[in-house]
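Enquirer: coords-v2.tsv is reproduced in full below (TSV, C-alpha atoms and all ligand atoms).
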```tsv
chain	number	residue	atom	x	y	z
Y	1	MET	CA	-26.41	-13.47	12.85
Y	2	THR	CA	-23.46	-14.99	14.71
Y	3	CYS	CA	-20.20	-13.21	15.52
Y	4	ARG	CA	-18.55	-15.31	12.82
Y	5	GLU	CA	-21.06	-14.13	10.22
Y	6	LEU	CA	-20.73	-10.56	11.34
Y	7	ILE	CA	-16.98	-10.71	10.79
Y	8	ASP	CA	-17.52	-12.29	7.36
Y	9	PHE	CA	-19.79	-9.40	6.39
Y	10	LEU	CA	-17.65	-6.70	7.98
Y	11	ALA	CA	-15.76	-5.60	4.87
Y	12	ALA	CA	-18.96	-5.38	2.85
Y	13	TYR	CA	-20.55	-3.43	5.68
Y	14	LEU	CA	-17.70	-0.92	5.84
Y	15	ASP	CA	-17.75	-0.59	2.03
Y	16	GLY	CA	-21.48	0.13	2.13
Y	17	ASP	CA	-22.11	-3.01	0.08
Y	18	LEU	CA	-24.73	-4.62	2.36
Y	19	ASP	CA	-28.37	-4.39	1.41
Y	20	GLU	CA	-30.76	-2.65	3.74
Y	21	GLN	CA	-31.94	-5.80	5.49
Y	22	ARG	CA	-28.48	-7.31	6.04
Y	23	ARG	CA	-27.26	-3.99	7.34
Y	24	SER	CA	-29.97	-3.70	9.95
Y	25	VAL	CA	-29.33	-7.30	11.11
Y	26	PHE	CA	-25.60	-6.45	11.24
Y	27	GLU	CA	-26.22	-3.31	13.26
Y	28	HIS	CA	-28.60	-5.07	15.60
Y	29	HIS	CA	-25.93	-7.66	16.37
Y	30	LEU	CA	-23.43	-4.88	17.06
Y	31	SER	CA	-25.87	-3.22	19.45
Y	32	ILE	CA	-25.98	-6.32	21.66
Y	33	CYS	CA	-22.45	-7.75	21.27
Y	34	PRO	CA	-19.52	-5.90	22.90
Y	35	SER	CA	-17.05	-8.46	21.56
Y	36	CYS	CA	-18.01	-7.63	17.97
Y	37	VAL	CA	-17.83	-3.91	18.73
Y	38	ASP	CA	-14.26	-4.51	19.92
Y	39	TYR	CA	-13.55	-6.46	16.77
Y	40	VAL	CA	-14.91	-3.84	14.39
Y	41	LYS	CA	-12.99	-1.07	16.16
Y	42	SER	CA	-9.75	-3.03	16.16
Y	43	TYR	CA	-10.21	-3.93	12.47
Y	44	GLU	CA	-10.65	-0.27	11.60
Y	45	THR	CA	-7.67	0.65	13.76
Y	46	THR	CA	-5.60	-1.98	11.94
Y	47	VAL	CA	-6.47	-0.46	8.57
Y	48	ALA	CA	-5.81	3.06	9.86
Y	49	LEU	CA	-2.38	1.99	11.17
Y	50	GLU	CA	-1.54	0.50	7.78
Y	51	GLN	CA	-2.58	3.67	6.03
Y	52	ARG	CA	-0.43	5.70	8.42
Y	53	LEU	CA	2.47	3.45	7.62
Y	54	GLY	CA	1.79	4.04	3.93
Y	55	THR	CA	1.95	7.80	4.18
Y	56	ALA	CA	4.48	8.23	6.98
Y	57	ALA	CA	7.38	6.76	5.08
Y	58	GLY	CA	9.80	9.10	6.81
Y	59	ASP	CA	11.70	6.36	8.59
Y	60	GLU	CA	11.84	4.29	5.41
Y	61	LEU	CA	13.02	6.97	3.02
Y	62	PRO	CA	16.49	6.19	1.72
Y	63	GLU	CA	18.94	8.98	2.40
Y	64	GLU	CA	20.16	9.10	-1.13
Y	65	LEU	CA	19.24	7.85	-4.54
Y	66	PRO	CA	20.51	4.41	-5.49
Y	67	GLU	CA	23.94	4.76	-6.99
Y	68	GLY	CA	23.87	5.03	-10.73
Y	69	LEU	CA	20.13	5.61	-11.02
Y	70	LEU	CA	20.38	9.19	-12.23
Y	71	ASP	CA	23.21	8.38	-14.63
Y	72	ALA	CA	21.29	5.43	-16.08
Y	73	VAL	CA	18.16	7.52	-16.61
Y	74	LEU	CA	20.11	10.40	-18.19
Y	75	ALA	CA	21.90	7.92	-20.46
Y	76	ALA	CA	18.49	6.64	-21.56
Y	77	VAL	CA	17.40	10.22	-22.23
Y	78	ARG	CA	20.46	10.76	-24.46
Y	79	SER	CA	20.00	7.53	-26.40
Y	80	GLU	CA	16.29	8.23	-26.83
Y	81	LYS	CA	17.14	11.65	-28.25
Y	82	ASP	CA	19.57	10.09	-30.73
Y	83	ARG	CA	16.96	7.74	-32.10
F	1	MET	CA	23.88	16.72	-14.99
F	2	ARG	CA	23.37	17.36	-11.32
F	3	ASP	CA	22.04	20.85	-11.07
F	4	SER	CA	21.88	21.83	-7.44
F	5	SER	CA	20.13	25.08	-8.26
F	6	HIS	CA	16.92	23.23	-8.97
F	7	SER	CA	14.52	23.47	-6.09
F	8	PHE	CA	13.34	19.98	-5.33
F	9	ALA	CA	9.94	19.53	-3.84
F	10	PRO	CA	10.25	18.12	-0.34
F	11	VAL	CA	8.54	14.76	-0.02
F	12	SER	CA	5.73	15.36	2.39
F	13	GLU	CA	5.04	12.82	5.10
F	14	GLU	CA	1.36	13.52	4.85
F	15	LYS	CA	0.86	12.49	1.26
F	16	SER	CA	0.29	9.06	-0.16
F	17	PRO	CA	3.08	7.68	-2.33
F	18	ASP	CA	1.39	8.36	-5.63
F	19	THR	CA	0.91	11.99	-4.77
F	20	ALA	CA	4.27	12.40	-3.07
F	21	GLY	CA	6.20	15.53	-3.80
F	22	ASN	CA	5.24	18.53	-5.77
F	23	ASP	CA	2.59	17.31	-8.15
F	24	GLU	CA	1.63	20.75	-9.24
F	25	ALA	CA	5.14	21.43	-10.46
F	26	TRP	CA	5.50	18.01	-12.10
F	27	ASN	CA	2.19	18.26	-13.87
F	28	ARG	CA	2.82	21.65	-15.37
F	29	PRO	CA	2.51	21.29	-19.15
F	30	GLU	CA	5.87	23.05	-19.47
F	31	PHE	CA	7.53	20.42	-17.30
F	32	ILE	CA	5.98	17.54	-19.22
F	33	GLY	CA	7.08	19.33	-22.38
F	34	GLN	CA	10.64	19.48	-21.06
F	35	LEU	CA	10.55	15.74	-20.42
F	36	ARG	CA	9.21	15.11	-23.91
F	37	ARG	CA	12.06	17.14	-25.38
F	38	GLY	CA	14.55	15.06	-23.39
F	39	ASP	CA	15.62	17.89	-21.09
F	40	GLN	CA	18.30	16.44	-18.82
F	41	GLY	CA	17.69	18.99	-16.07
F	42	ALA	CA	14.00	18.13	-15.95
F	43	TYR	CA	14.80	14.42	-15.72
F	44	ALA	CA	17.35	15.09	-13.00
F	45	GLU	CA	14.69	16.98	-11.07
F	46	LEU	CA	12.14	14.23	-11.54
F	47	VAL	CA	14.45	11.38	-10.54
F	48	THR	CA	15.90	13.23	-7.57
F	49	GLY	CA	12.49	14.37	-6.39
F	50	LEU	CA	10.47	11.18	-6.85
F	51	GLY	CA	13.20	8.53	-6.70
F	52	PRO	CA	13.43	8.12	-2.91
F	53	ARG	CA	9.66	7.72	-2.52
F	54	MET	CA	9.54	5.24	-5.38
F	55	MET	CA	12.31	3.28	-3.64
F	56	VAL	CA	10.11	3.06	-0.54
F	57	THR	CA	7.24	1.67	-2.59
F	58	ALA	CA	9.46	-0.84	-4.39
F	59	CYS	CA	11.18	-1.93	-1.16
F	60	ARG	CA	7.80	-2.78	0.34
F	61	LEU	CA	7.28	-5.38	-2.37
F	62	VAL	CA	10.76	-6.65	-3.26
F	63	SER	CA	14.28	-6.71	-1.78
F	64	GLU	CA	16.30	-3.52	-1.74
F	65	GLU	CA	18.59	-4.84	-4.44
F	66	GLU	CA	15.63	-5.71	-6.67
F	67	ALA	CA	14.03	-2.37	-5.84
F	68	ARG	CA	16.96	-0.50	-7.37
F	69	ASP	CA	16.43	-2.32	-10.67
F	70	VAL	CA	12.68	-1.87	-10.47
F	71	VAL	CA	12.91	1.88	-9.93
F	72	GLN	CA	15.53	2.28	-12.64
F	73	GLU	CA	13.42	0.25	-15.06
F	74	ALA	CA	10.38	2.38	-14.26
F	75	PHE	CA	12.18	5.70	-14.82
F	76	ILE	CA	13.66	4.42	-18.07
F	77	GLY	CA	10.10	3.42	-18.98
F	78	VAL	CA	9.16	7.05	-18.40
F	79	VAL	CA	11.90	8.20	-20.80
F	80	LYS	CA	10.69	5.79	-23.46
F	81	SER	CA	6.97	6.33	-23.10
F	82	ILE	CA	6.56	9.95	-21.98
F	83	ASP	CA	5.16	10.68	-25.47
F	84	ARG	CA	2.29	8.35	-24.65
F	85	PHE	CA	1.57	9.97	-21.27
F	86	GLU	CA	-1.88	11.45	-21.73
F	87	GLY	CA	-2.14	13.29	-18.46
F	88	ARG	CA	-5.25	11.44	-17.35
F	89	ALA	CA	-3.49	10.57	-14.11
F	90	LEU	CA	-0.92	12.70	-12.30
F	91	LEU	CA	2.59	12.18	-13.63
F	92	SER	CA	3.68	10.94	-10.20
F	93	THR	CA	0.76	8.45	-10.12
F	94	TRP	CA	1.68	7.21	-13.58
F	95	ILE	CA	5.29	6.64	-12.50
F	96	HIS	CA	4.19	5.07	-9.21
F	97	ARG	CA	2.09	2.50	-11.10
F	98	MET	CA	5.07	1.67	-13.35
F	99	VAL	CA	7.11	1.00	-10.22
F	100	VAL	CA	4.38	-1.20	-8.72
F	101	ASN	CA	3.99	-3.06	-11.99
F	102	ALA	CA	7.72	-3.64	-12.36
F	103	ALA	CA	7.91	-4.87	-8.74
F	104	LEU	CA	4.99	-7.25	-9.27
F	105	THR	CA	6.70	-8.58	-12.41
F	106	VAL	CA	9.78	-9.38	-10.31
F	107	LEU	CA	7.56	-11.17	-7.79
F	108	ARG	CA	5.84	-13.17	-10.56
F	109	ARG	CA	9.23	-14.25	-11.91
F	110	ARG	CA	10.31	-15.59	-8.54
F	111	LYS	CA	9.86	-19.25	-7.91
F	112	ARG	CA	6.93	-19.12	-5.57
F	113	LYS	CA	7.22	-21.05	-2.42
F	114	PRO	CA	3.98	-22.86	-1.77
F	115	GLU	CA	2.03	-20.50	0.41
F	116	SER	CA	1.09	-21.51	3.90
F	117	SER	CA	-2.64	-21.40	4.43
F	118	ILE	CA	-4.01	-18.20	5.82
F	119	ASP	CA	-6.63	-20.11	7.79
F	120	ASP	CA	-4.30	-20.46	10.76
F	121	LEU	CA	-3.87	-16.68	10.83
F	122	LEU	CA	-7.59	-15.86	10.83
F	123	PRO	CA	-9.70	-15.52	13.99
F	124	ARG	CA	-10.88	-18.82	15.45
F	125	PHE	CA	-14.50	-19.44	16.34
F	126	LEU	CA	-16.41	-21.73	18.66
F	127	GLU	CA	-19.13	-23.95	17.26
F	128	ASP	CA	-21.80	-21.46	18.29
F	129	GLY	CA	-20.11	-18.76	16.16
F	130	HIS	CA	-18.52	-16.78	19.00
F	131	ARG	CA	-14.86	-15.87	18.76
F	132	ALA	CA	-12.77	-18.48	20.53
F	133	ASP	CA	-10.26	-16.07	22.04
F	134	PRO	CA	-11.37	-12.45	22.00
F	135	GLU	CA	-8.57	-10.32	23.41
F	136	GLY	CA	-10.86	-7.54	24.63
F	137	PRO	CA	-10.80	-3.91	23.61
F	138	TRP	CA	-7.58	-2.40	22.32
F	139	ARG	CA	-5.91	0.38	24.27
F	140	SER	CA	-7.38	2.90	21.90
F	141	SER	CA	-9.24	2.97	18.63
F	142	GLU	CA	-7.45	6.21	17.78
F	143	PRO	CA	-4.49	5.35	15.54
F	144	ASP	CA	-2.69	8.54	16.59
F	145	SER	CA	-2.27	7.14	20.07
F	146	TYR	CA	-0.13	4.32	18.64
F	147	GLU	CA	1.90	6.60	16.47
F	148	THR	CA	5.38	5.58	17.48
F	149	VAL	CA	8.32	4.17	15.62
F	150	ALA	CA	7.85	0.89	17.51
F	151	THR	CA	4.24	0.54	16.35
F	152	ARG	CA	5.17	1.30	12.77
F	153	ARG	CA	7.85	-1.35	12.96
F	154	LEU	CA	5.39	-3.84	14.48
F	155	VAL	CA	2.85	-3.22	11.71
F	156	ARG	CA	5.52	-3.41	9.02
F	157	GLU	CA	7.01	-6.64	10.35
F	158	SER	CA	3.58	-8.21	10.83
F	159	ILE	CA	2.73	-7.46	7.20
F	160	GLU	CA	6.05	-8.94	6.09
F	161	ARG	CA	5.23	-12.21	7.82
F	162	LEU	CA	1.93	-12.72	5.96
F	163	PRO	CA	1.73	-15.15	3.02
F	164	ALA	CA	2.85	-13.34	-0.14
F	165	SER	CA	-0.51	-12.94	-1.86
F	166	TYR	CA	-2.02	-11.39	1.28
F	167	ARG	CA	0.99	-9.17	1.87
F	168	GLU	CA	0.78	-7.88	-1.70
F	169	ILE	CA	-2.84	-6.89	-1.53
F	170	LEU	CA	-2.40	-5.09	1.81
F	171	ILE	CA	0.52	-3.13	0.40
F	172	LEU	CA	-1.28	-2.16	-2.78
F	173	ARG	CA	-4.63	-1.27	-1.20
F	174	ASP	CA	-3.81	0.03	2.26
F	175	LEU	CA	-0.22	1.30	2.09
F	176	GLU	CA	0.00	2.46	-1.51
F	177	GLY	CA	-3.62	3.59	-1.66
F	178	ILE	CA	-4.51	1.97	-5.01
F	179	ASP	CA	-8.26	1.44	-5.46
F	180	THR	CA	-10.02	-1.92	-5.71
F	181	GLN	CA	-10.43	-1.98	-9.48
F	182	GLU	CA	-6.84	-1.04	-10.25
F	183	THR	CA	-5.48	-3.42	-7.61
F	184	ALA	CA	-7.58	-6.22	-9.08
F	185	ASP	CA	-6.19	-5.43	-12.55
F	186	LEU	CA	-2.59	-5.33	-11.28
F	187	LEU	CA	-2.99	-8.68	-9.50
F	188	GLY	CA	-5.10	-10.36	-12.18
F	189	LEU	CA	-8.08	-10.84	-9.87
F	190	SER	CA	-11.74	-10.00	-10.16
F	191	PRO	CA	-12.69	-7.02	-7.98
F	192	ALA	CA	-14.86	-9.36	-5.88
F	193	ASN	CA	-11.94	-11.70	-5.25
F	194	ALA	CA	-9.67	-8.77	-4.49
F	195	LYS	CA	-12.14	-7.64	-1.82
F	196	VAL	CA	-12.32	-11.11	-0.27
F	197	ARG	CA	-8.54	-11.43	-0.21
F	198	LEU	CA	-8.11	-7.97	1.26
F	199	HIS	CA	-10.62	-8.71	4.03
F	200	ARG	CA	-8.83	-11.93	4.94
F	201	ALA	CA	-5.46	-10.20	4.88
F	202	ARG	CA	-6.71	-7.44	7.19
F	203	GLN	CA	-8.18	-10.01	9.55
F	204	ALA	CA	-4.88	-11.88	9.67
F	205	LEU	CA	-2.97	-8.67	10.31
F	206	ARG	CA	-5.44	-7.69	13.05
F	207	GLU	CA	-4.87	-11.07	14.73
F	208	ALA	CA	-1.11	-10.56	14.58
F	209	LEU	CA	-1.32	-7.09	16.10
F	210	ALA	CA	-3.94	-7.88	18.75
F	211	PRO	CA	-1.66	-9.29	21.49
F	212	HIS	CA	0.37	-6.06	21.36
F	213	MET	CA	-2.58	-3.71	21.39
F	214	VAL	CA	-4.61	-4.65	24.43
F	215	GLU	CA	-4.43	-2.81	27.71
F	216	VAL	CA	-1.54	-4.08	29.76
F	217	ALA	CA	-2.95	-5.49	32.99
F	218	ALA	CA	-2.00	-3.27	35.92
V	1	ZN	ZN	-20.81	-10.75	18.08
```
Can I see the file as structure tokens?
Ligand SMILES: [Zn+2]

Expert:
Amino acid sequence: MTCRELIDFLAAYLDGDLDEQRRSVFEHHLSICPSCVDYVKSYETTVALEQRLGTAAGDELPEELPEGLLDAVLAAVRSEKDR
Amino acid sequence: MRDSSHSFAPVSEEKSPDTAGNDEAWNRPEFIGQLRRGDQGAYAELVTGLGPRMMVTACRLVSEEEARDVVQEAFIGVVKSIDRFEGRALLSTWIHRMVVNAALTVLRRRKRKPESSIDDLLPRFLEDGHRADPEGPWRSSEPDSYETVATRRLVRESIERLPASYREILILRDLEGIDTQETADLLGLSPANAKVRLHRARQALREALAPHMVEVAA
């Protein structure tokens, strides 16, 4: 397995989608290739940073609701009731 | 009716968007019953409590101006279809998916610029299969050690610069926490193709972040 192939298989490896034989070839390559170890770690760090961004929306949260949103929804509630 | 006596659930920073806020309160049968009866106070509570977080989700996919319409459309969708809400998902998850769907519809309606190839953004390899320009280990593999406003901005801006189809899948899967099958359905892809696209998108994002993440030479 080359580094290029390892990176191709990385997502499947992390998802547990590789068969037994592929996985052991994958892990053997990792055991002898520091560059691929760096890559795998940095890939996982990338995903973790994205997930942090997804949950830590504190600096993205708008201070207030968009103007008119509540009124528009409540108007829809009233017209739905009248139907 | 703006009833300030309602206690709004604080939006926790620790929760993913589709579980933001006080799910237990919003999933009480009594609360859903209030919505079904068209209780204005209950709707005010729902919109005030979930609205800001839904704006964040929508703004990740479309412009802020479009996001306002998307979120409004989604909440009005709740008013019209609350009778069909079966409670199989959390109420907040159900609303979150309406927001995502409405935002994706806006994106589909846009005239798509031809997308630049992602190949230039993927790692490059030598003929023997080694990486052409490995940057070396990152400062840390512990995401907490990067947890600063500057890093969040870097990640956000790097995602924004990706070709649209790759940006979308990163947002749905990694930021919004939607699983492979549902993401594939939302984007009209097979799950296998969704996985391939996600892997390429993550690789491209990793390449974009890499120069900023390595140890600064002393
Ligand atoms: Zn390697």

Enquirer: Suppose you want the space between CA of Leu46 in chain F and CA of Gly177 in chain F; what is it in Å?

Expert: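 Going from CA of Leu46 in chain F over to CA of Gly177 in chain F covers 21.4 Å.
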
Enquirer: May I have the residues within 8 Å of ligand ZN 1 (chain V), computed using all atoms listed in the file, as a CSV table (one decimal) with C-alpha atoms, keeping the file's coordinate frame?

Expert:
```csv
chain,number,residue,atom,x,y,z
Y,2,THR,CA,-23.5,-15.0,14.7
Y,3,CYS,CA,-20.2,-13.2,15.5
Y,4,ARG,CA,-18.6,-15.3,12.8
Y,6,LEU,CA,-20.7,-10.6,11.3
Y,29,HIS,CA,-25.9,-7.7,16.4
Y,30,LEU,CA,-23.4,-4.9,17.1
Y,32,ILE,CA,-26.0,-6.3,21.7
Y,33,CYS,CA,-22.4,-7.8,21.3
Y,34,PRO,CA,-19.5,-5.9,22.9
Y,35,SER,CA,-17.0,-8.5,21.6
Y,36,CYS,CA,-18.0,-7.6,18.0
Y,37,VAL,CA,-17.8,-3.9,18.7
F,130,HIS,CA,-18.5,-16.8,19.0
F,131,ARG,CA,-14.9,-15.9,18.8
```

Enquirer: Compare F:Gly77, F:Asn27, F:Phe125, F:Val149 by their minimum atom-to-atom distance to Ala89 in chain F, counting all atoms listed in the file, and give me the closest one.

Expert: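 Once distances to Ala89 in chain F are computed over all atoms listed in the file, the minimum belongs to F:Asn27.
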
Enquirer: Considering only C-alpha atoms, extract the chain Y residues located within 6 Å of chain F and return them as a PyMOL selection string.

Expert: chain Y and resi 2-4+38+45-46+49-51+54-56+62+69+73+77

Enquirer: For a quick check of understanding, using all atoms listed in the file, which of F:Asp120, F:His212, F:Val70, F:Thr105 has the smallest distance to Ala150 in chain F?

Expert: F:His212

Enquirer: Between CA of Glu157 in chain F and CA of Ala132 in chain F, measure the distance and give it in Å to one decimal.

Expert: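 Answer for the CA of Glu157 in chain F to CA of Ala132 in chain F separation: 25.2 Å.
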
Enquirer: Could you state the separation of CA of Tyr166 in chain F and CA of Asp17 in chain Y in Å, given to one decimal place?

Expert: 21.8 Å

Enquirer: Determine the axis-aligned bounding box of all atoms of range 20-31 of chain Y present in the file, pad each side by 5 Å, and express its centre and edge lengths in Å to one decimal place as JSON.

Expert:
```
{"center_x": -27.7, "center_y": -5.2, "center_z": 11.6, "size_x": 18.5, "size_y": 15.0, "size_z": 25.7}
```

Enquirer: Go through F:Ala58, F:Leu121, F:Glu30, F:Glu66 and flag the residue nearest His96 in chain F, using all atoms listed in the file for the distances.

Expert: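 For His96 in chain F, the nearest of the given residues is F:Ala58.
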
Enquirer: For each of F:Ile118, F:Ala208, F:Ala192, F:Val100, take the minimum atom-to-atom distance to Ala12 in chain Y, counting all atoms listed in the file, then give the residue where this is smallest.

Expert: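 The answer is F:Ala192, which sits nearest to Ala12 in chain Y.
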
Enquirer: Which of these, F:Leu61, F:Arg109, F:Glu215, F:Trp26, has the shortest distance to Ile95 in chain F once you count all atoms listed in the file?

Expert: F:Trp26

Enquirer: For Pro114 in chain F, list every protein, DNA or RNA residue within 12 Å, evaluated using only C-alpha atoms, and leave out those in the same chain fewer than 4 positions away; present the list as a ChimeraX atom specification.

Expert: /F:110,118,163-165
